[in-house]
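> Coordinates in run19.txt, compact mmCIF, C-alpha atoms (C1' of nucleotides), are listed below.
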```
# COMPACT_ATOMS: atom_id res chain seq x y z
CA MET A 1 34.88 97.38 -100.87
CA VAL A 2 35.44 93.85 -99.62
CA ILE A 3 32.80 92.09 -97.51
CA HIS A 4 33.60 89.03 -95.44
CA TYR A 5 30.53 87.03 -94.48
CA LYS A 6 30.30 83.44 -93.27
CA ASP A 7 33.81 82.54 -94.44
CA LYS A 8 33.18 83.91 -97.90
CA THR A 9 34.33 87.08 -99.58
CA PHE A 10 32.13 89.36 -101.67
CA PHE A 11 33.19 92.36 -103.68
CA THR A 12 29.78 93.98 -104.08
CA GLY A 13 26.57 94.22 -102.10
CA LYS A 14 24.87 92.63 -105.11
CA ASP A 15 26.96 89.45 -104.83
CA LEU A 16 26.29 89.28 -101.10
CA ALA A 17 22.58 89.79 -101.75
CA LEU A 18 22.49 87.07 -104.39
CA SER A 19 24.22 84.62 -102.09
CA ILE A 20 21.49 85.24 -99.50
CA ILE A 21 18.34 85.46 -101.64
CA GLY A 22 19.53 83.52 -104.69
CA GLY A 23 18.41 80.17 -103.34
CA ARG A 24 16.00 78.13 -105.41
CA TRP A 25 12.86 79.09 -103.46
CA LYS A 26 13.85 82.04 -101.31
CA ILE A 27 12.15 84.82 -103.21
CA SER A 28 8.94 82.78 -103.24
CA ILE A 29 9.22 82.19 -99.52
CA ILE A 30 9.78 85.88 -98.82
CA TRP A 31 6.81 86.68 -101.05
CA CYS A 32 4.64 84.49 -98.80
CA PHE A 33 5.65 86.49 -95.76
CA ILE A 34 4.92 89.76 -97.51
CA GLN A 35 1.39 88.51 -98.14
CA GLN A 36 0.86 87.17 -94.66
CA SER A 37 2.86 87.08 -91.45
CA PRO A 38 3.60 85.23 -89.29
CA LEU A 39 3.27 81.87 -90.98
CA ARG A 40 3.49 78.30 -89.76
CA LEU A 41 5.37 75.69 -91.77
CA SER A 42 2.18 74.00 -92.90
CA GLU A 43 0.79 77.34 -94.08
CA ILE A 44 3.88 78.01 -96.19
CA GLN A 45 3.54 74.52 -97.65
CA LYS A 46 -0.02 75.31 -98.73
CA LYS A 47 1.11 78.55 -100.37
CA LEU A 48 4.06 76.85 -102.09
CA PRO A 49 2.83 73.37 -103.04
CA ASP A 50 5.69 72.92 -105.56
CA VAL A 51 8.36 73.04 -102.86
CA ASN A 52 8.98 69.79 -101.10
CA GLN A 53 9.16 69.85 -97.35
CA ARG A 54 12.86 69.07 -97.05
CA MET A 55 13.86 71.92 -99.38
CA LEU A 56 11.42 74.31 -97.74
CA ILE A 57 12.85 73.64 -94.31
CA ARG A 58 16.39 73.92 -95.61
CA GLN A 59 15.74 77.26 -97.26
CA LEU A 60 13.98 78.50 -94.13
CA ARG A 61 17.02 77.51 -92.05
CA GLU A 62 19.33 79.38 -94.38
CA LEU A 63 17.13 82.46 -94.28
CA GLU A 64 17.10 82.19 -90.50
CA ASP A 65 20.90 81.87 -90.38
CA ASP A 66 21.15 85.00 -92.49
CA LYS A 67 18.75 86.81 -90.13
CA ILE A 68 16.19 87.37 -92.88
CA ILE A 69 13.47 85.57 -90.97
CA THR A 70 12.86 84.68 -87.35
CA ARG A 71 11.63 81.35 -86.03
CA PHE A 72 9.62 81.09 -82.86
CA VAL A 73 8.81 77.73 -81.27
CA TYR A 74 5.80 77.57 -78.97
CA PRO A 75 6.42 75.03 -76.19
CA VAL A 76 3.23 73.09 -76.89
CA VAL A 77 2.16 69.66 -78.07
CA PRO A 78 1.60 69.22 -80.96
CA PRO A 79 4.44 71.53 -81.99
CA LYS A 80 3.67 75.04 -83.17
CA VAL A 81 6.34 77.07 -84.95
CA GLU A 82 5.89 80.52 -86.40
CA TYR A 83 8.14 82.17 -88.97
CA GLN A 84 8.22 85.82 -89.94
CA LEU A 85 10.41 88.35 -91.67
CA SER A 86 13.00 90.23 -89.64
CA GLU A 87 13.47 93.97 -90.02
CA ILE A 88 16.16 93.56 -92.69
CA GLY A 89 14.01 90.86 -94.29
CA ARG A 90 11.10 93.26 -94.63
CA LEU A 91 13.43 95.54 -96.58
CA LEU A 92 13.38 92.89 -99.31
CA GLU A 93 9.84 93.89 -100.22
CA PRO A 94 11.00 96.23 -103.05
CA VAL A 95 13.03 93.36 -104.52
CA VAL A 96 10.05 91.03 -104.56
CA THR A 97 7.58 93.59 -105.85
CA SER A 98 9.94 94.64 -108.66
CA ILE A 99 10.17 90.99 -109.72
CA CYS A 100 6.38 90.62 -109.61
CA ASP A 101 5.92 93.83 -111.60
CA TRP A 102 8.35 92.74 -114.27
CA GLY A 103 6.74 89.32 -114.53
CA ASP A 104 3.29 90.88 -114.96
CA ASN A 105 4.76 93.15 -117.61
CA PHE A 106 6.32 90.19 -119.40
CA SER A 107 3.11 88.18 -119.36
CA ASP A 108 1.23 91.17 -120.79
CA LEU A 109 3.71 91.22 -123.66
CA LEU A 110 3.20 87.50 -124.22
CA GLU A 111 -0.53 88.01 -124.40
CA LYS A 112 -0.14 90.71 -127.04
CA ASN A 113 2.68 89.36 -129.19
CA ASP A 114 3.19 85.65 -128.98
CA ASN A 115 0.53 83.52 -130.60
CA LYS A 116 2.16 80.34 -129.33
CA THR A 117 1.24 81.46 -125.86
CA SER A 118 -2.16 82.03 -124.37
CA VAL A 119 -3.21 83.77 -121.21
CA ASP A 120 -6.57 82.71 -119.81
CA MET B 1 -4.75 84.26 -114.33
CA VAL B 2 -2.98 81.34 -115.95
CA ILE B 3 0.08 81.87 -118.13
CA HIS B 4 1.30 79.23 -120.55
CA TYR B 5 4.91 79.73 -121.61
CA LYS B 6 7.28 77.23 -123.22
CA ASP B 7 5.14 74.20 -122.30
CA LYS B 8 4.91 75.27 -118.68
CA THR B 9 2.10 76.81 -116.69
CA PHE B 10 2.47 79.70 -114.27
CA PHE B 11 -0.15 81.13 -111.98
CA THR B 12 1.50 84.46 -111.26
CA GLY B 13 3.78 86.86 -113.08
CA LYS B 14 6.20 86.37 -110.21
CA ASP B 15 6.57 82.65 -110.92
CA LEU B 16 7.04 83.34 -114.61
CA ALA B 17 9.66 85.98 -113.78
CA LEU B 18 11.52 83.64 -111.44
CA SER B 19 11.61 80.92 -114.07
CA ILE B 20 13.26 83.38 -116.45
CA ILE B 21 15.66 85.28 -114.19
CA GLY B 22 16.07 82.66 -111.46
CA GLY B 23 18.98 80.91 -113.15
CA ARG B 24 22.23 80.56 -111.26
CA TRP B 25 24.00 83.55 -112.92
CA LYS B 26 21.29 85.45 -114.75
CA ILE B 27 20.95 88.44 -112.46
CA SER B 28 24.72 88.86 -112.51
CA ILE B 29 24.72 88.69 -116.30
CA ILE B 30 21.96 91.27 -116.57
CA TRP B 31 23.84 93.48 -114.13
CA CYS B 32 26.83 93.43 -116.51
CA PHE B 33 24.65 94.70 -119.33
CA ILE B 34 23.26 97.48 -117.17
CA GLN B 35 26.80 98.64 -116.51
CA GLN B 36 27.92 98.39 -120.13
CA SER B 37 26.26 97.46 -123.39
CA PRO B 38 26.78 95.85 -125.80
CA LEU B 39 29.21 93.25 -124.52
CA ARG B 40 31.24 90.57 -126.21
CA LEU B 41 31.50 87.12 -124.64
CA SER B 42 35.11 87.68 -123.60
CA GLU B 43 34.12 90.93 -121.90
CA ILE B 44 31.39 89.23 -119.90
CA GLN B 45 33.89 86.56 -118.87
CA LYS B 46 36.21 89.26 -117.54
CA LYS B 47 33.37 90.83 -115.56
CA LEU B 48 32.21 87.46 -114.19
CA PRO B 49 35.37 85.43 -113.61
CA ASP B 50 33.53 82.99 -111.32
CA VAL B 51 31.27 81.72 -114.09
CA ASN B 52 32.79 79.04 -116.25
CA GLN B 53 32.44 79.45 -119.99
CA ARG B 54 30.08 76.56 -120.54
CA MET B 55 27.64 77.83 -117.91
CA LEU B 56 27.92 81.41 -119.11
CA ILE B 57 27.06 80.43 -122.67
CA ARG B 58 24.19 78.27 -121.48
CA GLN B 59 22.68 81.06 -119.43
CA LEU B 60 23.15 83.52 -122.31
CA ARG B 61 21.31 81.12 -124.63
CA GLU B 62 18.44 80.81 -122.17
CA LEU B 63 18.21 84.58 -121.81
CA GLU B 64 18.24 84.85 -125.59
CA ASP B 65 15.47 82.23 -125.91
CA ASP B 66 13.41 84.24 -123.45
CA LYS B 67 14.04 87.43 -125.47
CA ILE B 68 15.80 89.13 -122.56
CA ILE B 69 18.96 89.69 -124.54
CA THR B 70 19.82 89.85 -128.22
CA ARG B 71 22.83 88.24 -129.89
CA PHE B 72 24.38 89.75 -132.98
CA VAL B 73 27.04 87.92 -134.96
CA TYR B 74 29.33 90.03 -137.11
CA PRO B 75 30.31 88.11 -140.26
CA VAL B 76 34.04 88.60 -139.71
CA VAL B 77 37.11 86.51 -139.02
CA PRO B 78 37.96 86.11 -136.21
CA PRO B 79 34.36 85.93 -134.97
CA LYS B 80 32.80 88.91 -133.22
CA VAL B 81 29.55 88.47 -131.31
CA GLU B 82 27.78 91.20 -129.36
CA TYR B 83 25.13 90.69 -126.71
CA GLN B 84 22.85 93.34 -125.30
CA LEU B 85 19.61 93.67 -123.36
CA SER B 86 16.35 93.73 -125.29
CA GLU B 87 13.65 96.25 -124.52
CA ILE B 88 11.94 93.94 -122.04
CA GLY B 89 15.35 93.03 -120.67
CA ARG B 90 16.13 96.64 -119.92
CA LEU B 91 12.97 96.72 -117.82
CA LEU B 92 14.77 94.38 -115.43
CA GLU B 93 16.92 97.27 -114.26
CA PRO B 94 14.69 98.03 -111.24
CA VAL B 95 14.94 94.39 -110.19
CA VAL B 96 18.74 94.43 -110.30
CA THR B 97 19.09 97.80 -108.64
CA SER B 98 16.72 96.85 -105.83
CA ILE B 99 18.86 93.77 -105.19
CA CYS B 100 22.05 95.86 -105.19
CA ASP B 101 20.48 98.41 -102.84
CA TRP B 102 19.38 95.76 -100.40
CA GLY B 103 22.80 94.10 -100.48
CA ASP B 104 24.52 97.40 -99.74
CA ASN B 105 22.06 97.94 -96.91
CA PHE B 106 22.77 94.47 -95.53
CA SER B 107 26.53 94.93 -95.69
CA ASP B 108 26.18 98.26 -93.85
CA LEU B 109 24.33 96.44 -91.09
CA LEU B 110 27.08 93.81 -90.93
CA GLU B 111 29.66 96.53 -90.57
CA LYS B 112 27.80 98.07 -87.65
CA ASN B 113 26.55 95.02 -85.78
CA ASP B 114 28.47 91.86 -86.40
CA ASN B 115 31.93 91.75 -84.94
CA LYS B 116 32.62 88.40 -86.60
CA THR B 117 32.48 90.22 -89.90
CA SER B 118 34.73 92.96 -91.19
CA VAL B 119 34.31 95.30 -94.11
CA ASP B 120 37.50 96.79 -95.52
C1' DC C 1 37.19 84.81 -130.78
C1' DG C 2 33.45 82.27 -129.74
C1' DG C 3 32.02 78.56 -129.28
C1' DT C 4 31.05 72.77 -128.81
C1' DA C 5 32.04 68.02 -126.81
C1' DT C 6 33.45 65.00 -123.21
C1' DC C 7 34.56 63.29 -118.73
C1' DC C 8 34.30 63.35 -114.01
C1' DA C 9 33.46 65.20 -109.32
C1' DA C 10 30.62 67.71 -106.20
C1' DG C 11 26.55 69.80 -104.79
C1' DC C 12 21.71 70.52 -105.06
C1' DT C 13 16.91 68.76 -105.54
C1' DG C 14 13.07 65.73 -105.05
C1' DA C 15 10.28 61.59 -103.49
C1' DT C 16 9.48 58.79 -99.95
C1' DA C 17 9.52 56.92 -95.43
C1' DC C 18 9.88 57.69 -90.66
C1' DT C 19 9.78 60.20 -85.79
C1' DG C 20 8.75 62.88 -81.27
C1' DC D 1 2.76 69.57 -86.70
C1' DA D 2 7.28 70.06 -87.67
C1' DG D 3 10.59 68.12 -88.65
C1' DT D 4 14.88 64.15 -89.99
C1' DA D 5 17.02 60.24 -92.90
C1' DT D 6 18.02 58.07 -97.06
C1' DC D 7 18.72 57.37 -101.74
C1' DA D 8 18.37 58.51 -106.68
C1' DG D 9 18.76 61.85 -110.27
C1' DC D 10 19.69 66.23 -112.13
C1' DT D 11 22.53 70.44 -112.24
C1' DT D 12 26.70 72.72 -111.91
C1' DG D 13 31.69 73.19 -111.95
C1' DG D 14 36.44 72.42 -113.69
C1' DA D 15 39.59 70.68 -116.92
C1' DT D 16 40.73 69.69 -121.28
C1' DA D 17 40.50 69.07 -126.18
C1' DC D 18 38.87 70.57 -130.47
C1' DC D 19 36.66 73.52 -134.42
C1' DG D 20 35.38 77.37 -137.98
```
Could you spell out this file's structure in structure tokens?

Amino acid sequence: MVIHYKDKTFFTGKDLALSIIGGRWKISIIWCFIQQSPLRLSEIQKKLPDVNQRMLIRQLRELEDDKIITRFVYPVVPPKVEYQLSEIGRLLEPVVTSICDWGDNFSDLLEKNDNKTSVD
Amino acid sequence: MVIHYKDKTFFTGKDLALSIIGGRWKISIIWCFIQQSPLRLSEIQKKLPDVNQRMLIRQLRELEDDKIITRFVYPVVPPKVEYQLSEIGRLLEPVVTSICDWGDNFSDLLEKNDNKTSVD
DNA sequence: CGGTATCCAAGCTGATACTG
DNA sequence: CAGTATCAGCTTGGATACCG
């Protein structure tokens, strides 16, 4: 199987998937939308304070280009823009939850085994 | 919940997980081990020709530091080193498979809907 | 075979300032 | 509010040389 997408070639669905959701903050962004939807830019910024605005907007644009999220601009002043997951984007929920589950699992192990680490 | 790990602080298992598996090539590396295990460095290089050796070794070291994989050095000449997933590393299988599944799903949609894209 | 060291180019990331 | 512009710094990639 060979997949051509946006001038690039992928040999597995996995590689295609990683090129789309592998961005620095994309899983975190998608996680926000799973919690709450739709979201305005400023709301995402509150949920992800570690992401600077330029990167957040860039990752949102890429997700929009890949049809993972939709962007709706209300014609009002001041501007109001709402983002939400598309249908194919909502299918990423199992990916995000499996990551969360594994992370919880890992932190449980830390709590039990590693005395250099503490969980409050 | 606050998790302290390697001098950093995480507020969710998800953020901890992303810090561990979010590296540029880590999911791909873990995917190799799910297909076949154990693997020698040269075998991983054949499976991931796009990753240069320096990066591959760096990501393997990070995964080893995080106890996701184990590294076993046979005391022979020429050197023989085998890598494989640890117990907690094997628990990443659902993460990888969910990514693969979504990617296959996405490429199916491309095949059906997007006439700028072709799947051979 | 399985690394490490170095150099250099390119791309990504972040902080800050600014705009309609 | 929702962006854009700019610049600095870090990360990554690619080539090459070298070592036990």
> By how many Å are CA of Lys14 (chain B) and CA of Asp50 (chain B) apart?
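Taking CA of Lys14 (chain B) and CA of Asp50 (chain B), their separation equals 27.6 Å.
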> At a cut-off of 7 Å, can you tabulate as JSON lines every residue of chain A near chain B together with its closest atom pair and the distance in Å to one decimal, using all atoms listed in the file and ordering rows by chain then number?

```
{"residue": "A:Met1", "atom": "CA", "partner": "B:Asp120", "partner_atom": "CA", "distance": 6.0}
{"residue": "A:Val2", "atom": "CA", "partner": "B:Asp120", "partner_atom": "CA", "distance": 5.4}
{"residue": "A:Ile3", "atom": "CA", "partner": "B:Val119", "partner_atom": "CA", "distance": 4.9}
{"residue": "A:His4", "atom": "CA", "partner": "B:Thr117", "partner_atom": "CA", "distance": 5.8}
{"residue": "A:Tyr5", "atom": "CA", "partner": "B:Thr117", "partner_atom": "CA", "distance": 5.9}
{"residue": "A:Gly13", "atom": "CA", "partner": "B:Gly103", "partner_atom": "CA", "distance": 4.1}
{"residue": "A:Lys14", "atom": "CA", "partner": "B:Cys100", "partner_atom": "CA", "distance": 4.3}
{"residue": "A:Leu16", "atom": "CA", "partner": "B:Gly103", "partner_atom": "CA", "distance": 6.0}
{"residue": "A:Ala17", "atom": "CA", "partner": "B:Gly103", "partner_atom": "CA", "distance": 4.5}
{"residue": "A:Leu92", "atom": "CA", "partner": "B:Trp102", "partner_atom": "CA", "distance": 6.7}
{"residue": "A:Pro94", "atom": "CA", "partner": "B:Ser98", "partner_atom": "CA", "distance": 6.4}
{"residue": "A:Val95", "atom": "CA", "partner": "B:Ser98", "partner_atom": "CA", "distance": 5.2}
{"residue": "A:Ser98", "atom": "CA", "partner": "B:Val95", "partner_atom": "CA", "distance": 5.2}
{"residue": "A:Ile99", "atom": "CA", "partner": "B:Val95", "partner_atom": "CA", "distance": 5.9}
{"residue": "A:Cys100", "atom": "CA", "partner": "B:Lys14", "partner_atom": "CA", "distance": 4.3}
{"residue": "A:Trp102", "atom": "CA", "partner": "B:Leu92", "partner_atom": "CA", "distance": 6.7}
{"residue": "A:Gly103", "atom": "CA", "partner": "B:Gly13", "partner_atom": "CA", "distance": 4.1}
{"residue": "A:Asp104", "atom": "CA", "partner": "B:Gly13", "partner_atom": "CA", "distance": 4.5}
{"residue": "A:Ser107", "atom": "CA", "partner": "B:Gly13", "partner_atom": "CA", "distance": 6.5}
{"residue": "A:Thr117", "atom": "CA", "partner": "B:His4", "partner_atom": "CA", "distance": 5.8}
{"residue": "A:Ser118", "atom": "CA", "partner": "B:His4", "partner_atom": "CA", "distance": 5.9}
{"residue": "A:Val119", "atom": "CA", "partner": "B:Ile3", "partner_atom": "CA", "distance": 4.9}
{"residue": "A:Asp120", "atom": "CA", "partner": "B:Val2", "partner_atom": "CA", "distance": 5.4}
```
> Just need the residues of chain D within 12 Å of chain A, counting only C-alpha atoms (C1' of nucleotides), so spit them out as a ChimeraX atom specification.
/D:1-5
> Contacts from chain C to chain A, 9 Å maximum, all atoms listed in the file: show me the residue list as a PDB file with C-alpha atoms (C1' of nucleotides), keeping the file's coordinate frame.

```pdb
ATOM      1  C1'  DT C  13      16.910  68.760-105.540  1.00  0.00           C
ATOM      2  C1'  DG C  14      13.070  65.730-105.050  1.00  0.00           C
ATOM      3  C1'  DA C  15      10.280  61.590-103.490  1.00  0.00           C
TER       4       DA C  15
END
```
> Excluding Glu82 (chain A) and any residue of its chain fewer than 5 positions from it, enumerate the residues within 12 Å of it, using only C-alpha atoms (C1' of nucleotides), and give them as a PDB file with C-alpha atoms (C1' of nucleotides), in the coordinates of the input.

```pdb
ATOM      1  CA  PHE A  33       5.650  86.490 -95.760  1.00  0.00           C
ATOM      2  CA  GLN A  36       0.860  87.170 -94.660  1.00  0.00           C
ATOM      3  CA  SER A  37       2.860  87.080 -91.450  1.00  0.00           C
ATOM      4  CA  PRO A  38       3.600  85.230 -89.290  1.00  0.00           C
ATOM      5  CA  LEU A  39       3.270  81.870 -90.980  1.00  0.00           C
ATOM      6  CA  ARG A  40       3.490  78.300 -89.760  1.00  0.00           C
ATOM      7  CA  LEU A  41       5.370  75.690 -91.770  1.00  0.00           C
ATOM      8  CA  SER A  42       2.180  74.000 -92.900  1.00  0.00           C
ATOM      9  CA  GLU A  43       0.790  77.340 -94.080  1.00  0.00           C
ATOM     10  CA  ILE A  44       3.880  78.010 -96.190  1.00  0.00           C
ATOM     11  CA  LEU A  60      13.980  78.500 -94.130  1.00  0.00           C
ATOM     12  CA  ILE A  69      13.470  85.570 -90.970  1.00  0.00           C
ATOM     13  CA  THR A  70      12.860  84.680 -87.350  1.00  0.00           C
ATOM     14  CA  ARG A  71      11.630  81.350 -86.030  1.00  0.00           C
ATOM     15  CA  PHE A  72       9.620  81.090 -82.860  1.00  0.00           C
ATOM     16  CA  VAL A  73       8.810  77.730 -81.270  1.00  0.00           C
ATOM     17  CA  TYR A  74       5.800  77.570 -78.970  1.00  0.00           C
ATOM     18  CA  PRO A  75       6.420  75.030 -76.190  1.00  0.00           C
TER      19      PRO A  75
ATOM     20  C1'  DC D   1       2.760  69.570 -86.700  1.00  0.00           C
ATOM     21  C1'  DA D   2       7.280  70.060 -87.670  1.00  0.00           C
TER      22       DA D   2
END
```
> For CA of Gln45 (chain B) and CA of Gln84 (chain B), quote the distance in Å rounded to one decimal.
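That distance, rounded to one decimal, is 14.5 Å.
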> Using all atoms listed in the file, which protein or nucleic acid residues come within 12 Å of DT6 (chain C)? Drop anything in the same chain fewer than 3 positions from it, and give the result as a PyMOL selection string.
chain D and resi 15-18
> Atoms to include: C-alpha atoms (C1' of nucleotides). Write the selected residues as a tab-separated table (two decimals), keeping the file's coordinate frame.

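To be explicit, this is the file written out as selection.tsv:
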```
chain	number	residue	atom	x	y	z
D	15	DA	C1'	39.59	70.68	-116.92
D	16	DT	C1'	40.73	69.69	-121.28
D	17	DA	C1'	40.50	69.07	-126.18
D	18	DC	C1'	38.87	70.57	-130.47
```
> Between CA of Tyr83 (chain B) and CA of Leu48 (chain B), measure the distance and give it in Å to one decimal.
14.7 Å
> Do you know which residues are at most 12 Å from DA9 (chain C) counting all atoms listed in the file, after dropping those on the same chain fewer than 4 positions away, and could you put them as a PyMOL selection string?
chain D and resi 12-15
> With all heavy atoms as the goal, would you fill in the gaps in region 83-92 of chain A and present it as a short mmCIF file (atom, residue, chain, number, x, y, z; two decimals), in the coordinates of the input?

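The resulting out35.cif:
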```
data_model
loop_
_atom_site.label_atom_id
_atom_site.label_comp_id
_atom_site.auth_asym_id
_atom_site.auth_seq_id
_atom_site.Cartn_x
_atom_site.Cartn_y
_atom_site.Cartn_z
N TYR A 83 7.06 81.46 -88.27
CA TYR A 83 8.14 82.17 -88.97
C TYR A 83 7.63 83.54 -89.38
O TYR A 83 6.48 83.71 -89.74
CB TYR A 83 8.54 81.42 -90.24
CG TYR A 83 9.11 80.04 -90.02
CD1 TYR A 83 8.28 78.92 -89.96
CD2 TYR A 83 10.49 79.86 -89.88
CE1 TYR A 83 8.82 77.65 -89.78
CE2 TYR A 83 11.02 78.60 -89.70
CZ TYR A 83 10.18 77.50 -89.66
OH TYR A 83 10.70 76.25 -89.47
N GLN A 84 8.55 84.53 -89.35
CA GLN A 84 8.22 85.82 -89.94
C GLN A 84 9.47 86.56 -90.37
O GLN A 84 10.58 86.20 -89.97
CB GLN A 84 7.38 86.67 -88.99
CG GLN A 84 8.04 86.98 -87.68
CD GLN A 84 7.09 87.73 -86.74
OE1 GLN A 84 5.92 87.94 -87.04
NE2 GLN A 84 7.63 88.15 -85.61
N LEU A 85 9.28 87.57 -91.19
CA LEU A 85 10.41 88.35 -91.67
C LEU A 85 11.01 89.18 -90.55
O LEU A 85 10.29 89.70 -89.69
CB LEU A 85 9.98 89.30 -92.80
CG LEU A 85 9.65 88.66 -94.15
CD1 LEU A 85 9.15 89.72 -95.11
CD2 LEU A 85 10.86 87.95 -94.74
N SER A 86 12.32 89.31 -90.54
CA SER A 86 13.00 90.23 -89.64
C SER A 86 12.90 91.64 -90.23
O SER A 86 12.34 91.85 -91.30
CB SER A 86 14.47 89.85 -89.52
OG SER A 86 15.10 90.08 -90.76
N GLU A 87 13.49 92.58 -89.53
CA GLU A 87 13.47 93.97 -90.02
C GLU A 87 14.20 94.07 -91.36
O GLU A 87 13.68 94.64 -92.32
CB GLU A 87 14.15 94.86 -88.97
CG GLU A 87 13.89 96.33 -89.15
CD GLU A 87 14.46 97.14 -87.99
OE1 GLU A 87 14.54 96.61 -86.86
OE2 GLU A 87 14.84 98.29 -88.24
N ILE A 88 15.41 93.49 -91.42
CA ILE A 88 16.16 93.56 -92.69
C ILE A 88 15.45 92.73 -93.76
O ILE A 88 15.49 93.08 -94.95
CB ILE A 88 17.63 93.09 -92.48
CG1 ILE A 88 18.46 93.26 -93.77
CG2 ILE A 88 17.71 91.65 -92.03
CD1 ILE A 88 18.88 94.67 -94.05
N GLY A 89 14.77 91.67 -93.34
CA GLY A 89 14.01 90.86 -94.29
C GLY A 89 12.86 91.64 -94.90
O GLY A 89 12.57 91.50 -96.10
N ARG A 90 12.21 92.46 -94.09
CA ARG A 90 11.10 93.26 -94.63
C ARG A 90 11.59 94.25 -95.67
O ARG A 90 10.83 94.65 -96.56
CB ARG A 90 10.37 94.00 -93.50
CG ARG A 90 9.43 93.09 -92.71
CD ARG A 90 8.48 93.89 -91.82
NE ARG A 90 9.18 94.59 -90.74
CZ ARG A 90 9.52 94.04 -89.58
NH1 ARG A 90 9.21 92.79 -89.33
NH2 ARG A 90 10.14 94.74 -88.66
N LEU A 91 12.86 94.62 -95.58
CA LEU A 91 13.43 95.54 -96.58
C LEU A 91 13.60 94.88 -97.95
O LEU A 91 13.97 95.52 -98.92
CB LEU A 91 14.78 96.09 -96.10
CG LEU A 91 14.74 96.96 -94.84
CD1 LEU A 91 16.14 97.41 -94.47
CD2 LEU A 91 13.83 98.17 -95.05
N LEU A 92 13.33 93.57 -98.02
CA LEU A 92 13.38 92.89 -99.31
C LEU A 92 12.10 93.08 -100.13
O LEU A 92 12.04 92.67 -101.29
CB LEU A 92 13.63 91.39 -99.11
CG LEU A 92 15.08 91.02 -98.80
CD1 LEU A 92 15.18 89.62 -98.26
CD2 LEU A 92 15.91 91.16 -100.06
#
```
